[in-house]
Amino acid sequence: MPLPAHTTDVDDPLGPLPREFARIMRPELPGLIKEIGVEVTRAFPEYAALLSGPSGAAIRQGVEQSLYAFVDRVADPNASTATRDELLRKFGRVEAYEGRDLATLQGAYRLGARVALRRAKDLGRRFDLSPTLLLTFAEAVFAYIGELESLSHEGYMEVQARAGVAGEVVRRRLLHLLLAGTPLGHTTIHNLCEQTGWQLPAEVTMIAMRTPAEHIQPGLAVDVLADLGAPQPHLLIPGPLTRERRAMLEAAAPGSSYTIGLTLPTEQAADSLRWARQVLQLVDDDIVADEQVLDCADHLVTLWLLADPALVTEIATRELAPLDKSSGTRRARLVETLHAWLTTRGTAEQVGDALGVHAQTVRYRLRKLDAHFGDRLEAPTHRFALEAALRALHLRDKNVYDAE
């Protein structure tokens, strides 16, 4: 049966819809929420990543509140929307923190509206709703979308205003405190977060930049903390370095060289930056191949082995002591063979291939090594220490045979 005609003040975008229409719409909401989720994440992949992140629960709640609030207002024009309003403002804040403009969010809202209208056509056929009512519904939906966009714009501008008022000096102070290991619950950190509108993340990714780096600052997202004028410029990016974050860096720092630190809990930000800087130093020392963008995660073993060069040399000196009485050339060949054998754990033929010598020569050298080291090569602790030290010295391109 068609719903009865209903007219009210046309200035209220939802007024023309009869209250009885809410009864038809409400059972459709769970399915509509799922359908909108599928369509939006397909059209806007960045939201699929957000839904699996720390803001995911709030986003899902905001979508649900937006749809249920629409139906609630149809049933009762005086229904409160306070919860929905705050969630929609948070949508705008998230967009600002992620470094996007509002066009993407507006596109998602309008796509959701089209999905709702598609379902309304099905309802029209099932309940024999009049074309006039469906047209009124469409007008109400798009007026409602305008309302949602306005609320999100408020949240977006709130973040931008806070960032501008607080200034980079305050943001740098916050960054320095985090890198100094100040407890995250410290009153000063809490106050600085309030002043800047910066949300303290659970984890961060540090970026170690090559100098000069001042020119990249305007292209960074508002939630990125930066000290680009420092002797060793660096950035703090909340959370992992997602595909969108990488694109932001590429756009903001074209041609700049930098190393991506590990994504770690926020209280370990200093470790992420320290290791990233060490990778840059390894490049300067010709140990790691130079690239425009380096990832700390690709060089963890190298960082570990070369964390204390003096200690590595001392370990090698102690572990290679059984060869101290061998002549320089003979010692060099034995250490070279020992390194290849420990590294490959292969047969004489495989070690020979690695060294470019005959397998019989390898067997001769292995017997010599066995005579010098005896049971030490079978002891797991000594064998591990030898391999680690020789690998580290090899990375340093040091003449390992001088460790006498």
# chains A, B, ... in the order shown; residues from 1 in each chain; ligands from 1

$ residues_around --residues "Pro131 in chain A" --least-positions-apart "3" --cutoff "12 Å" --atoms "only C-alpha atoms" --output "mmCIF file with all heavy atoms, in the first residue's frame"
data_model
loop_
_atom_site.group_PDB
_atom_site.id
_atom_site.type_symbol
_atom_site.label_atom_id
_atom_site.label_comp_id
_atom_site.auth_asym_id
_atom_site.auth_seq_id
_atom_site.Cartn_x
_atom_site.Cartn_y
_atom_site.Cartn_z
ATOM 1 N N PRO A 2 0.517 2.247 -0.788
ATOM 2 C CA PRO A 2 1.299 3.481 -0.772
ATOM 3 C C PRO A 2 1.154 4.196 0.567
ATOM 4 O O PRO A 2 0.116 4.134 1.205
ATOM 5 C CB PRO A 2 0.725 4.297 -1.923
ATOM 6 C CG PRO A 2 -0.456 3.571 -2.432
ATOM 7 C CD PRO A 2 -0.565 2.261 -1.750
ATOM 8 N N LEU A 3 2.231 4.904 0.978
ATOM 9 C CA LEU A 3 2.154 5.674 2.202
ATOM 10 C C LEU A 3 1.309 6.911 1.975
ATOM 11 O O LEU A 3 1.252 7.451 0.875
ATOM 12 C CB LEU A 3 3.560 6.090 2.636
ATOM 13 C CG LEU A 3 4.457 4.947 3.110
ATOM 14 C CD1 LEU A 3 5.864 5.475 3.330
ATOM 15 C CD2 LEU A 3 3.914 4.356 4.381
ATOM 16 N N ALA A 5 0.001 10.740 1.841
ATOM 17 C CA ALA A 5 0.663 12.005 1.530
ATOM 18 C C ALA A 5 0.959 12.741 2.826
ATOM 19 O O ALA A 5 0.224 12.638 3.797
ATOM 20 C CB ALA A 5 -0.224 12.849 0.615
ATOM 21 N N ALA A 120 16.531 2.500 -2.423
ATOM 22 C CA ALA A 120 15.201 3.106 -2.327
ATOM 23 C C ALA A 120 14.333 2.711 -3.518
ATOM 24 O O ALA A 120 13.109 2.524 -3.377
ATOM 25 C CB ALA A 120 15.327 4.625 -2.238
ATOM 26 N N LYS A 121 14.944 2.562 -4.687
ATOM 27 C CA LYS A 121 14.162 2.124 -5.857
ATOM 28 C C LYS A 121 13.600 0.727 -5.632
ATOM 29 O O LYS A 121 12.447 0.437 -5.999
ATOM 30 C CB LYS A 121 15.047 2.147 -7.099
ATOM 31 C CG LYS A 121 15.421 3.549 -7.561
ATOM 32 C CD LYS A 121 16.288 3.479 -8.808
ATOM 33 C CE LYS A 121 16.713 4.873 -9.263
ATOM 34 N NZ LYS A 121 17.594 4.814 -10.460
ATOM 35 N N LEU A 123 12.896 -0.560 -2.720
ATOM 36 C CA LEU A 123 11.806 -0.396 -1.753
ATOM 37 C C LEU A 123 10.540 0.127 -2.436
ATOM 38 O O LEU A 123 9.420 -0.265 -2.088
ATOM 39 C CB LEU A 123 12.230 0.583 -0.653
ATOM 40 C CG LEU A 123 13.243 0.090 0.376
ATOM 41 C CD1 LEU A 123 13.622 1.217 1.334
ATOM 42 C CD2 LEU A 123 12.676 -1.081 1.158
ATOM 43 N N GLY A 124 10.752 1.023 -3.389
ATOM 44 C CA GLY A 124 9.599 1.578 -4.104
ATOM 45 C C GLY A 124 8.797 0.501 -4.802
ATOM 46 O O GLY A 124 7.557 0.515 -4.795
ATOM 47 N N ARG A 125 9.502 -0.460 -5.421
ATOM 48 C CA ARG A 125 8.794 -1.547 -6.094
ATOM 49 C C ARG A 125 8.121 -2.480 -5.094
ATOM 50 O O ARG A 125 6.998 -2.918 -5.299
ATOM 51 C CB ARG A 125 9.763 -2.320 -6.990
ATOM 52 C CG ARG A 125 10.207 -1.554 -8.232
ATOM 53 C CD ARG A 125 10.984 -2.445 -9.195
ATOM 54 N NE ARG A 125 12.301 -2.787 -8.654
ATOM 55 C CZ ARG A 125 13.393 -2.075 -8.883
ATOM 56 N NH1 ARG A 125 13.328 -0.976 -9.632
ATOM 57 N NH2 ARG A 125 14.559 -2.443 -8.381
ATOM 58 N N PHE A 127 7.085 -1.865 -1.973
ATOM 59 C CA PHE A 127 6.010 -1.274 -1.177
ATOM 60 C C PHE A 127 5.088 -0.377 -1.998
ATOM 61 O O PHE A 127 4.244 0.318 -1.430
ATOM 62 C CB PHE A 127 6.609 -0.469 -0.014
ATOM 63 C CG PHE A 127 7.272 -1.321 1.035
ATOM 64 C CD1 PHE A 127 8.618 -1.633 0.952
ATOM 65 C CD2 PHE A 127 6.535 -1.828 2.100
ATOM 66 C CE1 PHE A 127 9.241 -2.414 1.914
ATOM 67 C CE2 PHE A 127 7.151 -2.612 3.070
ATOM 68 C CZ PHE A 127 8.499 -2.913 2.979
ATOM 69 N N ASP A 128 5.282 -0.388 -3.311
ATOM 70 C CA ASP A 128 4.428 0.411 -4.192
ATOM 71 C C ASP A 128 4.440 1.888 -3.786
ATOM 72 O O ASP A 128 3.400 2.520 -3.628
ATOM 73 C CB ASP A 128 2.994 -0.134 -4.166
ATOM 74 C CG ASP A 128 2.154 0.457 -5.299
ATOM 75 O OD1 ASP A 128 2.740 0.917 -6.297
ATOM 76 O OD2 ASP A 128 0.909 0.482 -5.151
ATOM 77 N N LEU A 134 9.533 9.014 -3.679
ATOM 78 C CA LEU A 134 10.927 8.655 -3.951
ATOM 79 C C LEU A 134 11.748 9.881 -4.335
ATOM 80 O O LEU A 134 12.926 9.992 -3.961
ATOM 81 C CB LEU A 134 10.997 7.602 -5.057
ATOM 82 C CG LEU A 134 10.430 6.220 -4.683
ATOM 83 C CD1 LEU A 134 10.495 5.291 -5.876
ATOM 84 C CD2 LEU A 134 11.190 5.634 -3.502
ATOM 85 N N LEU A 135 11.154 10.798 -5.076
ATOM 86 C CA LEU A 135 11.855 12.032 -5.427
ATOM 87 C C LEU A 135 12.120 12.869 -4.180
ATOM 88 O O LEU A 135 13.218 13.423 -4.007
ATOM 89 C CB LEU A 135 11.031 12.837 -6.437
ATOM 90 C CG LEU A 135 11.645 14.172 -6.885
ATOM 91 C CD1 LEU A 135 13.005 13.946 -7.537
ATOM 92 C CD2 LEU A 135 10.698 14.901 -7.829
ATOM 93 N N THR A 136 11.123 12.919 -3.310
ATOM 94 C CA THR A 136 11.306 13.641 -2.051
ATOM 95 C C THR A 136 12.420 13.018 -1.221
ATOM 96 O O THR A 136 13.239 13.709 -0.607
ATOM 97 C CB THR A 136 9.995 13.627 -1.244
ATOM 98 O OG1 THR A 136 8.963 14.235 -2.020
ATOM 99 C CG2 THR A 136 10.150 14.390 0.066
ATOM 100 N N PHE A 137 12.469 11.694 -1.223
ATOM 101 C CA PHE A 137 13.521 10.989 -0.499
ATOM 102 C C PHE A 137 14.897 11.345 -1.068
ATOM 103 O O PHE A 137 15.848 11.602 -0.325
ATOM 104 C CB PHE A 137 13.278 9.481 -0.583
ATOM 105 C CG PHE A 137 14.393 8.656 -0.007
ATOM 106 C CD1 PHE A 137 14.569 8.554 1.361
ATOM 107 C CD2 PHE A 137 15.276 7.979 -0.842
ATOM 108 C CE1 PHE A 137 15.601 7.800 1.900
ATOM 109 C CE2 PHE A 137 16.314 7.222 -0.311
ATOM 110 C CZ PHE A 137 16.473 7.133 1.054
ATOM 111 N N ALA A 138 14.997 11.366 -2.392
ATOM 112 C CA ALA A 138 16.274 11.702 -3.028
ATOM 113 C C ALA A 138 16.723 13.111 -2.646
ATOM 114 O O ALA A 138 17.899 13.340 -2.327
ATOM 115 C CB ALA A 138 16.150 11.575 -4.542
#

$ closest_residue --among "A:Tyr156, A:Tyr258, A:Phe44, A:Tyr109" --to "Glu244 in chain A" --atoms "only C-alpha atoms"
A:Phe44

$ residues_around --residues "range 69-79 of chain A" --least-positions-apart "4" --cutoff "12 Å" --atoms "only C-alpha atoms" --output "PyMOL selection string"
chain A and resi 6+8-9+12-29+61-65+83-85+87-88+113+116+137+140-145+147-148

$ write_last_selection --atoms "C-alpha atoms" --output "CSV table (one decimal), in the first residue's frame"
chain,number,residue,atom,x,y,z
A,6,HIS,CA,2.4,14.2,4.0
A,8,THR,CA,5.4,20.1,6.2
A,9,ASP,CA,7.6,23.1,6.0
A,12,ASP,CA,13.3,21.3,6.7
A,13,PRO,CA,15.1,18.9,4.3
A,14,LEU,CA,13.5,15.9,6.0
A,15,GLY,CA,10.1,17.4,6.7
A,16,PRO,CA,8.4,16.3,3.5
A,17,LEU,CA,9.1,12.6,4.3
A,18,PRO,CA,6.2,10.9,6.2
A,19,ARG,CA,7.2,9.5,9.5
A,20,GLU,CA,5.9,6.1,8.5
A,21,PHE,CA,8.7,5.9,6.0
A,22,ALA,CA,11.1,5.4,8.8
A,23,ARG,CA,9.5,2.1,9.6
A,24,ILE,CA,10.2,0.8,6.1
A,25,MET,CA,13.8,2.1,6.0
A,26,ARG,CA,15.0,0.9,9.4
A,27,PRO,CA,15.2,-2.9,8.6
A,28,GLU,CA,17.2,-2.0,5.5
A,29,LEU,CA,20.0,-0.2,7.4
A,61,GLN,CA,30.4,3.9,14.1
A,62,GLY,CA,30.2,7.2,12.2
A,63,VAL,CA,28.7,5.6,9.1
A,64,GLU,CA,26.2,3.7,11.3
A,65,GLN,CA,25.3,6.9,13.2
A,83,THR,CA,26.7,11.8,18.7
A,84,ARG,CA,26.6,11.8,14.9
A,85,ASP,CA,27.8,15.4,14.7
A,87,LEU,CA,31.7,11.5,14.7
A,88,LEU,CA,31.3,13.4,11.5
A,113,ALA,CA,24.0,8.5,-1.2
A,116,ALA,CA,21.0,4.5,-0.7
A,137,PHE,CA,13.5,11.0,-0.5
A,140,ALA,CA,16.3,14.7,1.4
A,141,VAL,CA,19.2,12.4,1.0
A,142,PHE,CA,21.3,14.9,-0.9
A,143,ALA,CA,20.4,17.7,1.6
A,144,TYR,CA,21.5,15.4,4.4
A,145,ILE,CA,24.8,14.7,2.6
A,147,GLU,CA,24.8,18.5,6.3
A,148,LEU,CA,27.4,15.7,6.8

$ closest_residue --among "A:Ala359, A:Leu334, A:Leu390, A:Ala307" --to "Phe373 in chain A" --atoms "only C-alpha atoms"
A:Leu334

$ atom_distance --atom1 "CA of Glu314 in chain A" --atom2 "CA of Ala392 in chain A"
11.8 Å

$ atom_distance --atom1 "CA of Ala269 in chain A" --atom2 "CA of Pro233 in chain A"
14.5 Å

$ select_by_dssp --residues "range 201-361 of chain A" --states "strand (DSSP E)" --output "MDAnalysis selection string"
chainID A and resid 203:209 225:227 234:238 258:265 293:295

$ closest_residue --among "A:Leu342, A:Ala354, A:Leu151, A:Leu241" --to "Ala82 in chain A" --atoms "only C-alpha atoms"
A:Leu151

$ decode --residues "range 319-343 of chain A" --atoms "N, CA, C and O atoms" --output "PDB file, in the first residue's frame"
ATOM      1  N   GLU A 319      88.806 -14.905  18.606  1.00  0.00           N
ATOM      2  CA  GLU A 319      88.362 -16.154  17.991  1.00  0.00           C
ATOM      3  C   GLU A 319      89.357 -16.670  16.958  1.00  0.00           C
ATOM      4  O   GLU A 319      89.441 -17.878  16.714  1.00  0.00           O
ATOM      5  N   LEU A 320      90.104 -15.760  16.332  1.00  0.00           N
ATOM      6  CA  LEU A 320      91.083 -16.172  15.319  1.00  0.00           C
ATOM      7  C   LEU A 320      92.480 -16.367  15.907  1.00  0.00           C
ATOM      8  O   LEU A 320      93.443 -16.604  15.161  1.00  0.00           O
ATOM      9  N   ALA A 321      92.586 -16.276  17.206  1.00  0.00           N
ATOM     10  CA  ALA A 321      93.896 -16.422  17.857  1.00  0.00           C
ATOM     11  C   ALA A 321      94.623 -17.705  17.489  1.00  0.00           C
ATOM     12  O   ALA A 321      95.864 -17.689  17.367  1.00  0.00           O
ATOM     13  N   PRO A 322      93.942 -18.862  17.262  1.00  0.00           N
ATOM     14  CA  PRO A 322      94.671 -20.067  16.877  1.00  0.00           C
ATOM     15  C   PRO A 322      95.479 -19.923  15.590  1.00  0.00           C
ATOM     16  O   PRO A 322      96.371 -20.738  15.323  1.00  0.00           O
ATOM     17  N   LEU A 323      95.213 -18.886  14.789  1.00  0.00           N
ATOM     18  CA  LEU A 323      95.942 -18.700  13.531  1.00  0.00           C
ATOM     19  C   LEU A 323      97.052 -17.663  13.655  1.00  0.00           C
ATOM     20  O   LEU A 323      97.699 -17.325  12.647  1.00  0.00           O
ATOM     21  N   ASP A 324      97.280 -17.164  14.859  1.00  0.00           N
ATOM     22  CA  ASP A 324      98.233 -16.071  15.027  1.00  0.00           C
ATOM     23  C   ASP A 324      99.645 -16.417  14.546  1.00  0.00           C
ATOM     24  O   ASP A 324     100.395 -15.540  14.101  1.00  0.00           O
ATOM     25  N   LYS A 325     100.050 -17.681  14.648  1.00  0.00           N
ATOM     26  CA  LYS A 325     101.420 -18.054  14.293  1.00  0.00           C
ATOM     27  C   LYS A 325     101.584 -18.381  12.803  1.00  0.00           C
ATOM     28  O   LYS A 325     102.697 -18.645  12.343  1.00  0.00           O
ATOM     29  N   SER A 326     100.474 -18.338  12.070  1.00  0.00           N
ATOM     30  CA  SER A 326     100.557 -18.594  10.626  1.00  0.00           C
ATOM     31  C   SER A 326     101.065 -17.355   9.912  1.00  0.00           C
ATOM     32  O   SER A 326     100.813 -16.224  10.338  1.00  0.00           O
ATOM     33  N   SER A 327     101.771 -17.570   8.801  1.00  0.00           N
ATOM     34  CA  SER A 327     102.285 -16.439   8.031  1.00  0.00           C
ATOM     35  C   SER A 327     101.132 -15.657   7.410  1.00  0.00           C
ATOM     36  O   SER A 327     100.012 -16.158   7.282  1.00  0.00           O
ATOM     37  N   GLY A 328     101.408 -14.433   6.986  1.00  0.00           N
ATOM     38  CA  GLY A 328     100.357 -13.562   6.467  1.00  0.00           C
ATOM     39  C   GLY A 328      99.560 -14.151   5.324  1.00  0.00           C
ATOM     40  O   GLY A 328      98.330 -14.185   5.352  1.00  0.00           O
ATOM     41  N   THR A 329     100.247 -14.663   4.288  1.00  0.00           N
ATOM     42  CA  THR A 329      99.538 -15.209   3.129  1.00  0.00           C
ATOM     43  C   THR A 329      98.782 -16.470   3.491  1.00  0.00           C
ATOM     44  O   THR A 329      97.620 -16.656   3.111  1.00  0.00           O
ATOM     45  N   ARG A 330      99.454 -17.359   4.232  1.00  0.00           N
ATOM     46  CA  ARG A 330      98.800 -18.613   4.614  1.00  0.00           C
ATOM     47  C   ARG A 330      97.584 -18.325   5.510  1.00  0.00           C
ATOM     48  O   ARG A 330      96.531 -18.925   5.357  1.00  0.00           O
ATOM     49  N   ARG A 331      97.774 -17.380   6.442  1.00  0.00           N
ATOM     50  CA  ARG A 331      96.673 -17.013   7.337  1.00  0.00           C
ATOM     51  C   ARG A 331      95.493 -16.437   6.551  1.00  0.00           C
ATOM     52  O   ARG A 331      94.332 -16.734   6.819  1.00  0.00           O
ATOM     53  N   ALA A 332      95.805 -15.603   5.564  1.00  0.00           N
ATOM     54  CA  ALA A 332      94.758 -14.983   4.751  1.00  0.00           C
ATOM     55  C   ALA A 332      93.915 -16.043   4.054  1.00  0.00           C
ATOM     56  O   ALA A 332      92.680 -15.968   4.026  1.00  0.00           O
ATOM     57  N   ARG A 333      94.575 -17.048   3.484  1.00  0.00           N
ATOM     58  CA  ARG A 333      93.841 -18.085   2.760  1.00  0.00           C
ATOM     59  C   ARG A 333      93.006 -18.943   3.710  1.00  0.00           C
ATOM     60  O   ARG A 333      91.880 -19.348   3.377  1.00  0.00           O
ATOM     61  N   LEU A 334      93.557 -19.219   4.884  1.00  0.00           N
ATOM     62  CA  LEU A 334      92.803 -20.027   5.846  1.00  0.00           C
ATOM     63  C   LEU A 334      91.564 -19.284   6.354  1.00  0.00           C
ATOM     64  O   LEU A 334      90.487 -19.864   6.461  1.00  0.00           O
ATOM     65  N   VAL A 335      91.722 -17.993   6.645  1.00  0.00           N
ATOM     66  CA  VAL A 335      90.573 -17.210   7.123  1.00  0.00           C
ATOM     67  C   VAL A 335      89.532 -17.063   6.018  1.00  0.00           C
ATOM     68  O   VAL A 335      88.326 -17.152   6.251  1.00  0.00           O
ATOM     69  N   GLU A 336      89.988 -16.860   4.803  1.00  0.00           N
ATOM     70  CA  GLU A 336      89.078 -16.767   3.651  1.00  0.00           C
ATOM     71  C   GLU A 336      88.270 -18.059   3.517  1.00  0.00           C
ATOM     72  O   GLU A 336      87.047 -18.030   3.323  1.00  0.00           O
ATOM     73  N   THR A 337      88.939 -19.186   3.658  1.00  0.00           N
ATOM     74  CA  THR A 337      88.250 -20.477   3.553  1.00  0.00           C
ATOM     75  C   THR A 337      87.313 -20.692   4.730  1.00  0.00           C
ATOM     76  O   THR A 337      86.187 -21.195   4.563  1.00  0.00           O
ATOM     77  N   LEU A 338      87.761 -20.315   5.922  1.00  0.00           N
ATOM     78  CA  LEU A 338      86.908 -20.448   7.107  1.00  0.00           C
ATOM     79  C   LEU A 338      85.641 -19.619   6.958  1.00  0.00           C
ATOM     80  O   LEU A 338      84.534 -20.083   7.262  1.00  0.00           O
ATOM     81  N   HIS A 339      85.799 -18.395   6.463  1.00  0.00           N
ATOM     82  CA  HIS A 339      84.627 -17.527   6.264  1.00  0.00           C
ATOM     83  C   HIS A 339      83.647 -18.148   5.268  1.00  0.00           C
ATOM     84  O   HIS A 339      82.436 -18.189   5.492  1.00  0.00           O
ATOM     85  N   ALA A 340      84.161 -18.663   4.150  1.00  0.00           N
ATOM     86  CA  ALA A 340      83.306 -19.268   3.127  1.00  0.00           C
ATOM     87  C   ALA A 340      82.611 -20.515   3.665  1.00  0.00           C
ATOM     88  O   ALA A 340      81.428 -20.746   3.403  1.00  0.00           O
ATOM     89  N   TRP A 341      83.334 -21.312   4.437  1.00  0.00           N
ATOM     90  CA  TRP A 341      82.740 -22.540   4.984  1.00  0.00           C
ATOM     91  C   TRP A 341      81.654 -22.231   6.005  1.00  0.00           C
ATOM     92  O   TRP A 341      80.571 -22.816   5.988  1.00  0.00           O
ATOM     93  N   LEU A 342      81.931 -21.273   6.904  1.00  0.00           N
ATOM     94  CA  LEU A 342      80.931 -20.896   7.903  1.00  0.00           C
ATOM     95  C   LEU A 342      79.700 -20.272   7.250  1.00  0.00           C
ATOM     96  O   LEU A 342      78.573 -20.467   7.699  1.00  0.00           O
ATOM     97  N   THR A 343      79.919 -19.529   6.193  1.00  0.00           N
ATOM     98  CA  THR A 343      78.805 -18.829   5.527  1.00  0.00           C
ATOM     99  C   THR A 343      77.945 -19.779   4.709  1.00  0.00           C
ATOM    100  O   THR A 343      76.713 -19.705   4.742  1.00  0.00           O
TER     101      THR A 343
END
